[in-house]
>>> print(open('data.csv').read())   # CSV, C-alpha atoms and all ligand atoms
chain,number,residue,atom,x,y,z
N,77,MET,CA,4.3,-120.7,135.0
N,78,ALA,CA,2.7,-119.0,132.0
N,79,THR,CA,3.3,-121.0,128.8
N,80,LEU,CA,2.9,-119.9,125.3
N,81,SER,CA,0.6,-122.7,124.3
N,82,SER,CA,-3.1,-122.7,125.3
N,83,ARG,CA,-4.7,-126.0,125.0
N,84,THR,CA,-8.4,-125.6,125.3
N,85,GLU,CA,-10.9,-128.5,125.8
N,86,THR,CA,-11.8,-128.3,122.1
N,87,VAL,CA,-8.1,-128.5,121.1
N,88,ASN,CA,-7.6,-131.5,123.4
N,89,ASP,CA,-10.7,-133.2,122.0
N,90,ILE,CA,-9.6,-132.8,118.4
N,91,LEU,CA,-6.1,-134.1,119.1
N,92,LYS,CA,-7.7,-137.4,120.2
N,93,HIS,CA,-9.5,-137.9,116.9
N,94,ASP,CA,-9.0,-141.0,114.8
N,95,GLN,CA,-6.4,-140.7,112.0
N,96,LYS,CA,-8.3,-142.9,109.5
N,97,GLY,CA,-5.4,-145.2,108.6
N,98,LYS,CA,-2.9,-142.4,108.2
N,99,ILE,CA,0.1,-141.5,110.3
N,100,MET,CA,2.1,-138.3,110.9
N,101,ALA,CA,5.8,-138.7,110.3
N,102,THR,CA,8.1,-136.0,111.7
N,103,TYR,CA,11.3,-135.9,109.8
N,104,VAL,CA,14.1,-134.5,112.0
N,105,TRP,CA,17.5,-133.3,110.8
N,106,ILE,CA,20.5,-131.4,112.1
N,107,ASP,CA,21.0,-127.9,110.7
N,108,ALA,CA,24.1,-125.7,110.0
N,109,VAL,CA,24.5,-124.5,113.6
N,110,GLY,CA,23.9,-127.8,115.4
N,111,GLU,CA,20.2,-127.3,116.2
N,112,THR,CA,17.5,-129.8,115.2
N,113,ARG,CA,14.9,-128.9,112.6
N,114,SER,CA,11.7,-130.8,111.7
N,115,LYS,CA,8.8,-131.0,109.4
N,116,CYS,CA,5.9,-133.4,109.0
N,117,ARG,CA,4.1,-135.4,106.4
N,118,THR,CA,1.3,-137.9,106.1
N,119,LEU,CA,2.0,-141.5,105.3
N,120,PRO,CA,-0.2,-144.6,105.1
N,121,GLU,CA,-0.3,-146.5,108.4
N,122,GLN,CA,2.1,-149.5,108.4
N,123,GLU,CA,5.4,-150.6,110.0
N,124,TYR,CA,8.3,-148.3,109.0
N,125,THR,CA,12.0,-148.8,108.8
N,126,PRO,CA,14.6,-146.4,107.3
N,127,ASP,CA,14.5,-148.6,104.1
N,128,ASN,CA,10.8,-148.3,103.4
N,129,LEU,CA,10.4,-144.6,104.3
N,130,PRO,CA,10.3,-142.1,101.4
N,131,VAL,CA,13.3,-139.8,100.9
N,132,TRP,CA,12.1,-136.2,101.3
N,133,ASN,CA,13.6,-132.8,100.9
N,134,PHE,CA,13.6,-129.3,102.3
N,135,ASP,CA,14.7,-125.8,101.3
N,136,GLY,CA,18.4,-125.7,102.3
N,137,SER,CA,18.7,-122.0,101.5
N,138,SER,CA,16.4,-121.3,104.5
N,139,THR,CA,18.7,-123.1,106.9
N,140,ASP,CA,22.1,-122.0,105.5
N,141,GLN,CA,22.6,-125.6,104.3
N,142,ALA,CA,22.5,-124.9,100.6
N,143,PRO,CA,22.7,-121.9,98.2
N,144,GLY,CA,19.5,-120.3,96.9
N,145,ASP,CA,20.2,-121.3,93.3
N,146,ASN,CA,20.5,-125.0,94.2
N,147,SER,CA,18.5,-125.2,97.4
N,148,ASP,CA,17.1,-128.7,97.6
N,149,VAL,CA,18.6,-130.8,100.4
N,150,PHE,CA,17.5,-134.4,100.5
N,151,LEU,CA,16.4,-136.1,103.7
N,152,ARG,CA,17.4,-139.7,103.8
N,153,PRO,CA,15.8,-141.6,106.7
N,154,CYS,CA,18.3,-143.3,109.0
N,155,ALA,CA,16.5,-144.2,112.2
N,156,VAL,CA,12.8,-144.4,113.3
N,157,PHE,CA,11.3,-143.9,116.7
N,158,PRO,CA,7.8,-143.9,118.2
N,159,ASP,CA,6.5,-140.3,118.5
N,160,PRO,CA,6.1,-139.4,122.2
N,161,PHE,CA,4.1,-136.2,121.4
N,162,ARG,CA,1.5,-137.6,119.1
N,163,CYS,CA,2.0,-141.2,120.3
N,164,SER,CA,2.0,-144.4,118.1
N,165,PRO,CA,1.4,-145.1,115.3
N,166,ASN,CA,3.0,-141.7,114.6
N,167,ILE,CA,6.8,-141.7,114.2
N,168,ILE,CA,9.9,-139.6,114.4
N,169,VAL,CA,12.2,-140.1,111.4
N,170,LEU,CA,15.8,-139.0,112.0
N,171,SER,CA,17.3,-138.2,108.6
N,172,GLU,CA,20.7,-137.5,107.0
N,173,CYS,CA,21.1,-134.5,104.8
N,174,TRP,CA,22.3,-135.1,101.2
N,175,GLY,CA,22.9,-132.9,98.2
N,176,ALA,CA,21.2,-133.2,94.8
N,177,ASP,CA,24.6,-134.4,93.4
N,178,GLY,CA,24.6,-137.5,95.7
N,179,THR,CA,27.2,-136.2,98.1
N,180,PRO,CA,26.6,-135.7,101.9
N,181,ASN,CA,25.6,-132.2,102.9
N,182,LYS,CA,28.5,-130.2,104.5
N,183,PHE,CA,26.8,-130.6,107.9
N,184,ASN,CA,26.1,-134.3,107.6
N,185,PHE,CA,28.6,-135.8,110.0
N,186,ARG,CA,26.7,-139.0,110.4
N,187,HIS,CA,27.7,-140.5,107.0
N,188,GLU,CA,31.5,-140.7,107.7
N,189,CYS,CA,30.9,-141.7,111.3
N,190,ALA,CA,28.8,-144.6,110.2
N,191,LYS,CA,31.6,-145.9,107.9
N,192,VAL,CA,34.0,-145.9,110.8
N,193,MET,CA,31.6,-147.6,113.1
N,194,GLU,CA,31.0,-150.3,110.5
N,195,ALA,CA,34.7,-150.8,109.9
N,196,TYR,CA,35.4,-151.4,113.6
N,197,ALA,CA,32.1,-153.1,114.5
N,198,ASP,CA,34.1,-156.2,115.7
N,199,HIS,CA,35.4,-154.2,118.6
N,200,GLU,CA,31.7,-153.6,119.7
N,201,PRO,CA,32.3,-150.0,120.6
N,202,TRP,CA,30.0,-148.8,123.4
N,203,PHE,CA,29.4,-145.1,124.2
N,204,GLY,CA,27.6,-143.4,127.0
N,205,LEU,CA,27.2,-139.6,126.6
N,206,GLU,CA,26.4,-137.2,129.4
N,207,GLN,CA,24.5,-134.2,128.0
N,208,GLU,CA,24.7,-131.1,130.1
N,209,TYR,CA,22.4,-128.1,129.3
N,210,THR,CA,20.9,-125.0,130.8
N,211,ILE,CA,17.3,-123.9,130.7
N,212,LEU,CA,16.9,-120.2,129.7
N,213,GLY,CA,14.0,-117.9,130.1
N,214,ASN,CA,12.8,-115.4,127.6
N,215,ASP,CA,15.5,-112.9,128.8
N,216,ASP,CA,18.1,-115.4,127.8
N,217,ARG,CA,19.3,-115.8,131.4
N,218,PRO,CA,19.1,-119.1,133.2
N,219,PHE,CA,15.5,-119.9,134.2
N,220,GLY,CA,14.8,-119.1,137.8
N,221,TRP,CA,17.6,-116.6,138.3
N,222,PRO,CA,16.6,-113.4,140.1
N,223,VAL,CA,15.9,-110.5,137.7
N,224,GLY,CA,18.9,-108.2,137.5
N,225,GLY,CA,20.9,-110.2,140.0
N,226,PHE,CA,22.6,-113.5,140.7
N,227,PRO,CA,21.7,-116.6,142.8
N,228,ALA,CA,23.8,-117.6,145.8
N,229,PRO,CA,27.1,-119.3,144.8
N,230,GLN,CA,27.3,-122.9,143.6
N,231,GLY,CA,26.9,-125.6,146.2
N,232,PRO,CA,23.3,-126.4,146.9
N,233,TYR,CA,22.2,-127.0,143.3
N,234,TYR,CA,24.0,-130.2,142.1
N,235,CYS,CA,21.5,-133.1,142.6
N,236,GLY,CA,19.5,-130.6,144.6
N,237,VAL,CA,16.0,-131.0,145.9
N,238,GLY,CA,13.7,-128.1,146.8
N,239,SER,CA,12.3,-124.8,145.7
N,240,GLY,CA,15.1,-122.3,145.0
N,241,LYS,CA,17.6,-125.0,144.3
N,242,VAL,CA,16.3,-126.6,141.2
N,243,PHE,CA,14.2,-125.1,138.4
N,244,MET,CA,11.9,-126.6,135.8
N,245,ARG,CA,11.9,-130.2,137.0
N,246,ASP,CA,8.7,-130.6,134.9
N,247,LEU,CA,10.7,-130.2,131.8
N,248,VAL,CA,13.3,-132.8,132.9
N,249,GLU,CA,10.6,-135.3,133.9
N,250,CYS,CA,8.7,-134.9,130.7
N,251,HIS,CA,11.9,-135.3,128.6
N,252,TYR,CA,12.8,-138.5,130.5
N,253,LYS,CA,9.4,-140.0,129.8
N,254,ALA,CA,9.4,-138.9,126.2
N,255,CYS,CA,12.8,-140.7,125.7
N,256,LEU,CA,11.6,-143.9,127.3
N,257,TYR,CA,8.4,-143.9,125.2
N,258,ALA,CA,10.5,-143.4,122.0
N,259,ASP,CA,13.0,-146.3,122.9
N,260,ILE,CA,15.8,-143.8,123.3
N,261,LYS,CA,18.5,-145.4,125.5
N,262,ILE,CA,18.4,-142.7,128.2
N,263,SER,CA,20.1,-144.0,131.3
N,264,GLY,CA,19.5,-141.2,133.8
N,265,THR,CA,19.3,-137.6,134.7
N,266,ASN,CA,20.5,-135.2,137.4
N,267,ALA,CA,20.4,-131.5,138.4
N,268,GLU,CA,23.8,-129.9,137.7
N,269,VAL,CA,26.2,-127.5,139.6
N,270,MET,CA,24.9,-124.2,138.2
N,271,PRO,CA,21.3,-123.4,139.1
N,272,GLY,CA,19.1,-124.0,136.0
N,273,GLN,CA,21.6,-126.5,134.6
N,274,TRP,CA,20.7,-130.2,134.2
N,275,GLU,CA,22.2,-133.4,132.7
N,276,PHE,CA,20.8,-136.5,131.1
N,277,GLN,CA,22.8,-139.5,130.0
N,278,VAL,CA,22.2,-141.7,127.0
N,279,GLY,CA,23.9,-145.1,126.7
N,280,PRO,CA,25.5,-147.5,126.6
N,281,CYS,CA,24.8,-147.4,122.8
N,282,GLU,CA,26.7,-149.3,120.2
N,283,GLY,CA,28.4,-147.6,117.2
N,284,ILE,CA,26.3,-145.2,115.2
N,285,GLU,CA,23.3,-145.6,117.5
N,286,MET,CA,25.0,-143.3,120.0
N,287,GLY,CA,24.8,-140.2,117.8
N,288,ASP,CA,21.2,-141.1,116.6
N,289,HIS,CA,19.8,-141.5,120.1
N,290,LEU,CA,21.5,-138.4,121.4
N,291,TRP,CA,20.3,-136.2,118.6
N,292,VAL,CA,16.7,-137.3,119.0
N,293,ALA,CA,17.0,-136.8,122.7
N,294,ARG,CA,18.2,-133.2,122.0
N,295,TYR,CA,15.3,-132.7,119.6
N,296,PHE,CA,12.8,-133.9,122.3
N,297,LEU,CA,14.3,-131.5,124.9
N,298,ALA,CA,14.0,-128.5,122.6
N,299,ARG,CA,10.5,-129.5,121.6
N,300,ILE,CA,9.2,-129.8,125.2
N,301,ALA,CA,11.0,-126.6,126.2
N,302,GLU,CA,9.0,-124.9,123.4
N,303,ASP,CA,5.7,-126.1,124.9
N,304,LEU,CA,6.8,-124.7,128.3
N,305,GLY,CA,7.9,-121.4,126.9
N,306,VAL,CA,11.6,-121.8,127.8
N,307,LYS,CA,14.8,-122.2,125.8
N,308,VAL,CA,17.7,-124.7,126.0
N,309,SER,CA,21.3,-123.5,125.9
N,310,TRP,CA,23.8,-126.0,124.6
N,311,HIS,CA,26.7,-123.5,124.9
N,312,PRO,CA,29.7,-124.8,126.9
N,313,LYS,CA,29.9,-121.7,129.0
N,314,PRO,CA,26.4,-120.2,129.2
N,315,ILE,CA,27.4,-117.8,132.0
N,316,ARG,CA,30.9,-116.3,132.2
N,317,GLY,CA,32.6,-116.1,135.6
N,318,ASP,CA,32.5,-118.4,138.6
N,319,TRP,CA,29.8,-120.7,137.2
N,320,ASN,CA,30.3,-124.2,135.9
N,321,GLY,CA,30.4,-124.6,132.1
N,322,GLN,CA,28.8,-127.7,130.5
N,323,GLY,CA,30.1,-130.7,128.7
N,324,LEU,CA,29.3,-133.8,126.8
N,325,HIS,CA,31.4,-136.3,128.8
N,326,SER,CA,31.9,-139.3,126.5
N,327,ASN,CA,32.3,-142.7,128.1
N,328,PHE,CA,33.8,-145.4,126.0
N,329,SER,CA,34.6,-149.1,126.0
N,330,SER,CA,35.5,-151.7,123.5
N,331,LYS,CA,34.7,-155.4,123.8
N,332,GLU,CA,38.3,-156.0,125.0
N,333,MET,CA,38.1,-153.3,127.7
N,334,ARG,CA,35.0,-154.8,129.3
N,335,VAL,CA,36.5,-158.2,130.3
N,336,GLU,CA,39.2,-159.3,132.7
N,337,GLY,CA,42.5,-157.8,131.7
N,338,GLY,CA,40.7,-154.9,130.1
N,339,MET,CA,42.7,-152.2,131.9
N,340,LYS,CA,45.6,-152.8,129.5
N,341,HIS,CA,43.3,-152.0,126.6
N,342,ILE,CA,42.0,-148.9,128.4
N,343,GLU,CA,45.6,-147.7,129.0
N,344,ASP,CA,46.6,-148.4,125.5
N,345,ALA,CA,43.6,-146.4,124.1
N,346,ILE,CA,44.5,-143.5,126.4
N,347,LYS,CA,48.1,-143.6,125.0
N,348,LYS,CA,46.7,-143.6,121.5
N,349,LEU,CA,44.5,-140.6,122.3
N,350,GLU,CA,47.3,-138.4,123.6
N,351,PRO,CA,49.0,-137.5,120.3
N,352,HIS,CA,45.6,-136.8,118.8
N,353,HIS,CA,44.7,-134.2,121.5
N,354,LEU,CA,44.4,-131.2,119.2
N,355,GLU,CA,42.6,-133.2,116.5
N,356,CYS,CA,40.1,-134.3,119.1
N,357,ILE,CA,39.6,-130.8,120.4
N,358,LYS,CA,38.7,-129.6,116.9
N,359,GLU,CA,35.9,-132.1,116.8
N,360,TYR,CA,34.7,-131.5,120.4
N,361,GLY,CA,32.5,-128.3,119.9
N,362,GLU,CA,32.7,-124.6,119.5
N,363,ASP,CA,33.8,-122.2,122.3
N,364,ASN,CA,35.2,-125.1,124.3
N,365,ASP,CA,38.2,-122.9,125.2
N,366,LEU,CA,35.9,-120.9,127.5
N,367,ARG,CA,35.1,-124.0,129.4
N,368,LEU,CA,38.3,-126.1,129.5
N,369,THR,CA,40.2,-123.8,131.7
N,370,GLY,CA,41.5,-126.3,134.3
N,371,ARG,CA,39.0,-124.9,136.8
N,372,HIS,CA,35.4,-126.0,137.5
N,373,GLU,CA,36.1,-129.7,137.2
N,374,THR,CA,37.8,-129.5,133.8
N,375,GLY,CA,41.3,-130.1,132.4
N,376,SER,CA,43.1,-127.4,130.5
N,377,ILE,CA,42.5,-127.3,126.7
N,378,ASP,CA,46.3,-127.1,126.0
N,379,GLN,CA,47.2,-130.3,127.8
N,380,PHE,CA,46.3,-133.9,127.6
N,381,THR,CA,46.1,-135.5,131.1
N,382,TRP,CA,44.5,-138.5,132.6
N,383,GLY,CA,44.0,-140.1,136.0
N,384,VAL,CA,41.9,-142.4,138.2
N,385,ALA,CA,38.8,-140.7,139.7
N,386,ASN,CA,40.3,-137.3,138.9
N,387,ARG,CA,37.8,-134.8,137.4
N,388,GLY,CA,40.4,-132.1,136.6
N,389,THR,CA,41.8,-134.2,133.8
N,390,SER,CA,41.1,-134.8,130.1
N,391,ILE,CA,40.4,-138.5,130.7
N,392,ARG,CA,39.1,-140.1,133.8
N,393,ILE,CA,39.2,-143.8,134.6
N,394,PRO,CA,36.3,-144.4,137.0
N,395,ARG,CA,37.3,-145.7,140.4
N,396,GLU,CA,35.2,-148.8,139.9
N,397,ALA,CA,37.0,-149.7,136.7
N,398,ALA,CA,40.4,-149.2,138.3
N,399,ALA,CA,39.4,-151.4,141.2
N,400,LYS,CA,38.0,-154.2,139.0
N,401,GLY,CA,40.8,-154.0,136.4
N,402,TYR,CA,38.4,-153.6,133.5
N,403,GLY,CA,35.4,-151.4,132.3
N,404,TYR,CA,35.5,-148.1,130.5
N,405,PHE,CA,37.0,-144.6,130.5
N,406,GLU,CA,35.5,-141.2,130.4
N,407,ASP,CA,36.7,-138.5,127.9
N,408,ARG,CA,35.8,-135.2,129.7
N,409,ARG,CA,36.8,-132.9,126.9
N,410,PRO,CA,33.8,-132.7,124.6
N,411,ALA,CA,31.7,-129.6,125.0
N,412,SER,CA,27.9,-129.7,125.5
N,413,ASN,CA,27.4,-128.4,121.9
N,414,ALA,CA,29.6,-131.0,120.3
N,415,ASP,CA,28.1,-133.2,117.6
N,416,PRO,CA,28.1,-136.8,118.9
N,417,TYR,CA,28.9,-138.2,115.4
N,418,ARG,CA,32.1,-136.2,115.3
N,419,VAL,CA,33.0,-137.1,118.9
N,420,THR,CA,32.5,-140.8,118.5
N,421,LYS,CA,34.2,-140.9,115.1
N,422,VAL,CA,37.4,-139.2,116.3
N,423,LEU,CA,37.6,-141.4,119.4
N,424,MET,CA,37.4,-144.5,117.1
N,425,THR,CA,39.9,-143.2,114.5
N,426,SER,CA,42.4,-142.1,117.2
N,427,ILE,CA,42.3,-145.4,119.0
N,428,PHE,CA,41.9,-147.9,116.1
N,429,GLY,CA,43.3,-145.8,113.1
N,430,LYS,CA,41.9,-143.8,110.2
N,431,LEU,CA,40.2,-145.6,107.4
D,501,LIG,P1,29.6,-139.4,135.9
D,501,LIG,O1,30.0,-140.1,137.2
D,501,LIG,O2,30.8,-139.0,135.1
D,501,LIG,O3,28.6,-138.2,136.2
D,501,LIG,P2,27.3,-140.7,134.7
D,501,LIG,O4,26.6,-141.7,135.6
D,501,LIG,O5,26.6,-139.4,134.5
D,501,LIG,O6,28.8,-140.5,135.1
D,501,LIG,O7,27.4,-141.3,133.2
D,501,LIG,C1,28.0,-142.5,133.0
D,501,LIG,C2,27.8,-142.9,131.5
D,501,LIG,O8,28.6,-144.0,131.2
D,501,LIG,C3,26.3,-143.4,131.3
D,501,LIG,O9,25.8,-142.8,130.1
D,501,LIG,C4,26.5,-144.9,131.0
D,501,LIG,O10,25.6,-145.4,130.1
D,501,LIG,C5,27.9,-145.0,130.4
D,501,LIG,N1,28.5,-146.3,130.6
D,501,LIG,C6,28.4,-147.2,131.6
D,501,LIG,N2,29.1,-148.3,131.3
D,501,LIG,C7,29.7,-148.1,130.1
D,501,LIG,C8,30.6,-148.9,129.3
D,501,LIG,N3,31.0,-150.1,129.6
D,501,LIG,N4,31.0,-148.3,128.1
D,501,LIG,C9,30.6,-147.1,127.7
D,501,LIG,N5,29.8,-146.3,128.5
D,501,LIG,C10,29.3,-146.8,129.6
D,502,MN,MN,27.2,-137.4,134.9
D,503,MN,MN,27.7,-133.6,134.9
D,504,MN,MN,31.0,-137.4,133.8
>>> encode(input="data.csv", output="structure tokens")
Amino acid sequence: MATLSSRTETVNDILKHDQKGKIMATYVWIDAVGETRSKCRTLPEQEYTPDNLPVWNFDGSSTDQAPGDNSDVFLRPCAVFPDPFRCSPNIIVLSECWGADGTPNKFNFRHECAKVMEAYADHEPWFGLEQEYTILGNDDRPFGWPVGGFPAPQGPYYCGVGSGKVFMRDLVECHYKACLYADIKISGTNAEVMPGQWEFQVGPCEGIEMGDHLWVARYFLARIAEDLGVKVSWHPKPIRGDWNGQGLHSNFSSKEMRVEGGMKHIEDAIKKLEPHHLECIKEYGEDNDLRLTGRHETGSIDQFTWGVANRGTSIRIPREAAAKGYGYFEDRRPASNADPYRVTKVLMTSIFGKL
């Protein structure tokens, strides 16, 4: 595989040099179209938390996040992780975007989500998100697909092993390790139904931590893909036709659902979600109508349905939870390009009420 980076021996030697008591802090934020952006700065070496890190800024007119005549967007640190690329003591600083007038940027969905999570913290909300994505080559087609043609129909690829069945396992392996190094609560990974398509899971995470960990995991994936000369598609239907789309299945439980008698709370929550179906769909990502067709293991976008172990519904109660009488449920509606802050917030407000 040809890659765009060319690490010579000299480059590798220099990258190992001592940093002389300084660290590199990579500030990461979410832009106007749901991609991550980043820039770096030097800081003295010490322990960092969101509270002792400097607020920074960027030119929001270059990211469509602010007008040219009032372009400064402020970066307020909200979570810190070890940097898996440069290694400790260097850090990744996830940041919220704020305007100069002290209001959250239009694309800052974390701020309101955090308020909801705090208000309902007593319920100890746990989330586990399944991030599906597709690796694209420079021709913007799934990596590994034959030039000018199509691979054999779906079947051998899901959890597949072997040449011609899965592509770019190196990227997946590297991403998994990067997440573990950075203390991201990644819980697993698998090859998906369409060739070139993969999934990783993050969770269980409590409250606001869910969105934070998923966004940083997305940043890592895009960053490693950059090194390998490939792209990541988060679009819910990267290839039209008889190919699976991709979602961000969102597993949820409250404290009450995780103990004996929990099924009653799970069923109550599903009943609460039903009348909020359209409101939820609005928060669940762009172009989701191309994916939620009722085919390819999805429920229809127009209808709220649920069932035990059924993958053609909006909500699935896992077989194991049904058998035990407690556990969690899975909302299968969110698209792969959904913002986890929006998804987790609307789940909470639908079930427990708006603030
Ligand atoms: P699927 O069978 O739908 O492919 P996965 O194994 O990919 O399921 O993902 C299941 C997700 O559910 C994981 O992210 C896991 O962390 C999460 N999960 C497990 N238990 C709970 C729970 N009690 N509450 C919320 N999420 C949970
Ligand atoms: Mn899964
Ligand atoms: Mn999946
Ligand atoms: Mn799932």
>>> residues_near_ligand(input="data.csv", ligand="ligand MN 502 (chain D)", cutoff="9 Å", atoms="only C-alpha atoms and all ligand atoms", output="ChimeraX atom specification")
/N:205-208,264-266,268,275-277,325
>>> residues_around(input="data.csv", residues="N:Thr420", least_positions_apart="4", cutoff="8 Å", atoms="all atoms listed in the file", output="PDB file with C-alpha atoms, in the coordinates of the input")
ATOM      1  CA  CYS N 189      30.900-141.700 111.300  1.00  0.00           C
ATOM      2  CA  PHE N 203      29.400-145.100 124.200  1.00  0.00           C
ATOM      3  CA  GLY N 287      24.800-140.200 117.800  1.00  0.00           C
ATOM      4  CA  PRO N 416      28.100-136.800 118.900  1.00  0.00           C
ATOM      5  CA  MET N 424      37.400-144.500 117.100  1.00  0.00           C
TER       6      MET N 424
END
>>> closest_residue(input="data.csv", among="N:Gly283, N:Val104, N:Thr389, N:Arg409", to="N:Asp198", atoms="only C-alpha atoms")
N:Gly283
>>> residues_around(input="data.csv", residues="N:Leu91", least_positions_apart="6", cutoff="12 Å", atoms="all atoms listed in the file", output="VMD selection string")
chain N and resid 83 to 85 161 to 163
>>> write_last_selection(input="data.csv", atoms="C-alpha atoms", output="CSV table (one decimal), in the coordinates of the input")
chain,number,residue,atom,x,y,z
N,83,ARG,CA,-4.7,-126.0,125.0
N,84,THR,CA,-8.4,-125.6,125.3
N,85,GLU,CA,-10.9,-128.5,125.8
N,161,PHE,CA,4.1,-136.2,121.4
N,162,ARG,CA,1.5,-137.6,119.1
N,163,CYS,CA,2.0,-141.2,120.3
>>> residues_near_point(input="data.csv", point="(27.0, -132.7, 128.4)", cutoff="12 Å", atoms="all atoms listed in the file", output="PyMOL selection string")
chain N and resi 204-210+265-266+268+273-278+290+294+309-313+320-327+360-361+364+367+407-416
>>> closest_atom_pairs(input="data.csv", of="stretch 174-285 of chain N", to="stretch 128-139 of chain N", cutoff="12 Å", atoms="only C-alpha atoms", output="Markdown table")
| residue | atom | partner | partner_atom | distance |
| --- | --- | --- | --- | --- |
| N:Trp174 | CA | N:Asn133 | CA | 9.0 |
| N:Gly175 | CA | N:Gly136 | CA | 9.4 |
| N:Ala176 | CA | N:Asn133 | CA | 9.8 |
| N:Asn181 | CA | N:Gly136 | CA | 9.7 |
| N:Lys182 | CA | N:Gly136 | CA | 11.3 |
| N:Phe183 | CA | N:Thr139 | CA | 11.1 |
>>> decode(input="data.csv", residues="stretch 399-404 of chain N", atoms="all heavy atoms", output="PDB file, in the first residue's frame")
ATOM      1  N   ALA N 399     -34.397 -12.167  28.535  1.00  0.00           N
ATOM      2  CA  ALA N 399     -34.323 -13.415  29.306  1.00  0.00           C
ATOM      3  C   ALA N 399     -34.078 -13.139  30.788  1.00  0.00           C
ATOM      4  O   ALA N 399     -34.686 -13.772  31.650  1.00  0.00           O
ATOM      5  CB  ALA N 399     -33.221 -14.303  28.733  1.00  0.00           C
ATOM      6  N   LYS N 400     -33.211 -12.165  31.077  1.00  0.00           N
ATOM      7  CA  LYS N 400     -32.880 -11.869  32.480  1.00  0.00           C
ATOM      8  C   LYS N 400     -33.943 -11.018  33.159  1.00  0.00           C
ATOM      9  O   LYS N 400     -34.090 -11.022  34.372  1.00  0.00           O
ATOM     10  CB  LYS N 400     -31.546 -11.090  32.558  1.00  0.00           C
ATOM     11  CG  LYS N 400     -30.305 -11.946  32.297  1.00  0.00           C
ATOM     12  CD  LYS N 400     -29.022 -11.205  32.705  1.00  0.00           C
ATOM     13  CE  LYS N 400     -28.928  -9.838  32.073  1.00  0.00           C
ATOM     14  NZ  LYS N 400     -27.597  -9.223  32.131  1.00  0.00           N
ATOM     15  N   GLY N 401     -34.660 -10.221  32.338  1.00  0.00           N
ATOM     16  CA  GLY N 401     -35.673  -9.320  32.907  1.00  0.00           C
ATOM     17  C   GLY N 401     -35.113  -7.953  33.267  1.00  0.00           C
ATOM     18  O   GLY N 401     -35.786  -7.131  33.876  1.00  0.00           O
ATOM     19  N   TYR N 402     -33.868  -7.687  32.893  1.00  0.00           N
ATOM     20  CA  TYR N 402     -33.283  -6.355  33.105  1.00  0.00           C
ATOM     21  C   TYR N 402     -32.074  -6.203  32.183  1.00  0.00           C
ATOM     22  O   TYR N 402     -31.640  -7.163  31.554  1.00  0.00           O
ATOM     23  CB  TYR N 402     -32.881  -6.145  34.569  1.00  0.00           C
ATOM     24  CG  TYR N 402     -31.829  -7.104  35.077  1.00  0.00           C
ATOM     25  CD1 TYR N 402     -30.480  -6.775  35.016  1.00  0.00           C
ATOM     26  CD2 TYR N 402     -32.180  -8.340  35.621  1.00  0.00           C
ATOM     27  CE1 TYR N 402     -29.512  -7.654  35.476  1.00  0.00           C
ATOM     28  CE2 TYR N 402     -31.225  -9.219  36.089  1.00  0.00           C
ATOM     29  CZ  TYR N 402     -29.884  -8.863  36.004  1.00  0.00           C
ATOM     30  OH  TYR N 402     -28.929  -9.734  36.463  1.00  0.00           O
ATOM     31  N   GLY N 403     -31.542  -4.970  32.114  1.00  0.00           N
ATOM     32  CA  GLY N 403     -30.374  -4.745  31.249  1.00  0.00           C
ATOM     33  C   GLY N 403     -30.457  -3.407  30.535  1.00  0.00           C
ATOM     34  O   GLY N 403     -30.485  -2.361  31.188  1.00  0.00           O
ATOM     35  N   TYR N 404     -30.530  -3.440  29.198  1.00  0.00           N
ATOM     36  CA  TYR N 404     -30.528  -2.196  28.424  1.00  0.00           C
ATOM     37  C   TYR N 404     -31.310  -2.402  27.132  1.00  0.00           C
ATOM     38  O   TYR N 404     -31.719  -3.526  26.823  1.00  0.00           O
ATOM     39  CB  TYR N 404     -29.095  -1.757  28.117  1.00  0.00           C
ATOM     40  CG  TYR N 404     -28.312  -2.706  27.230  1.00  0.00           C
ATOM     41  CD1 TYR N 404     -28.213  -2.484  25.851  1.00  0.00           C
ATOM     42  CD2 TYR N 404     -27.672  -3.826  27.746  1.00  0.00           C
ATOM     43  CE1 TYR N 404     -27.497  -3.345  25.029  1.00  0.00           C
ATOM     44  CE2 TYR N 404     -26.956  -4.698  26.931  1.00  0.00           C
ATOM     45  CZ  TYR N 404     -26.867  -4.457  25.578  1.00  0.00           C
ATOM     46  OH  TYR N 404     -26.171  -5.309  24.771  1.00  0.00           O
TER      47      TYR N 404
END
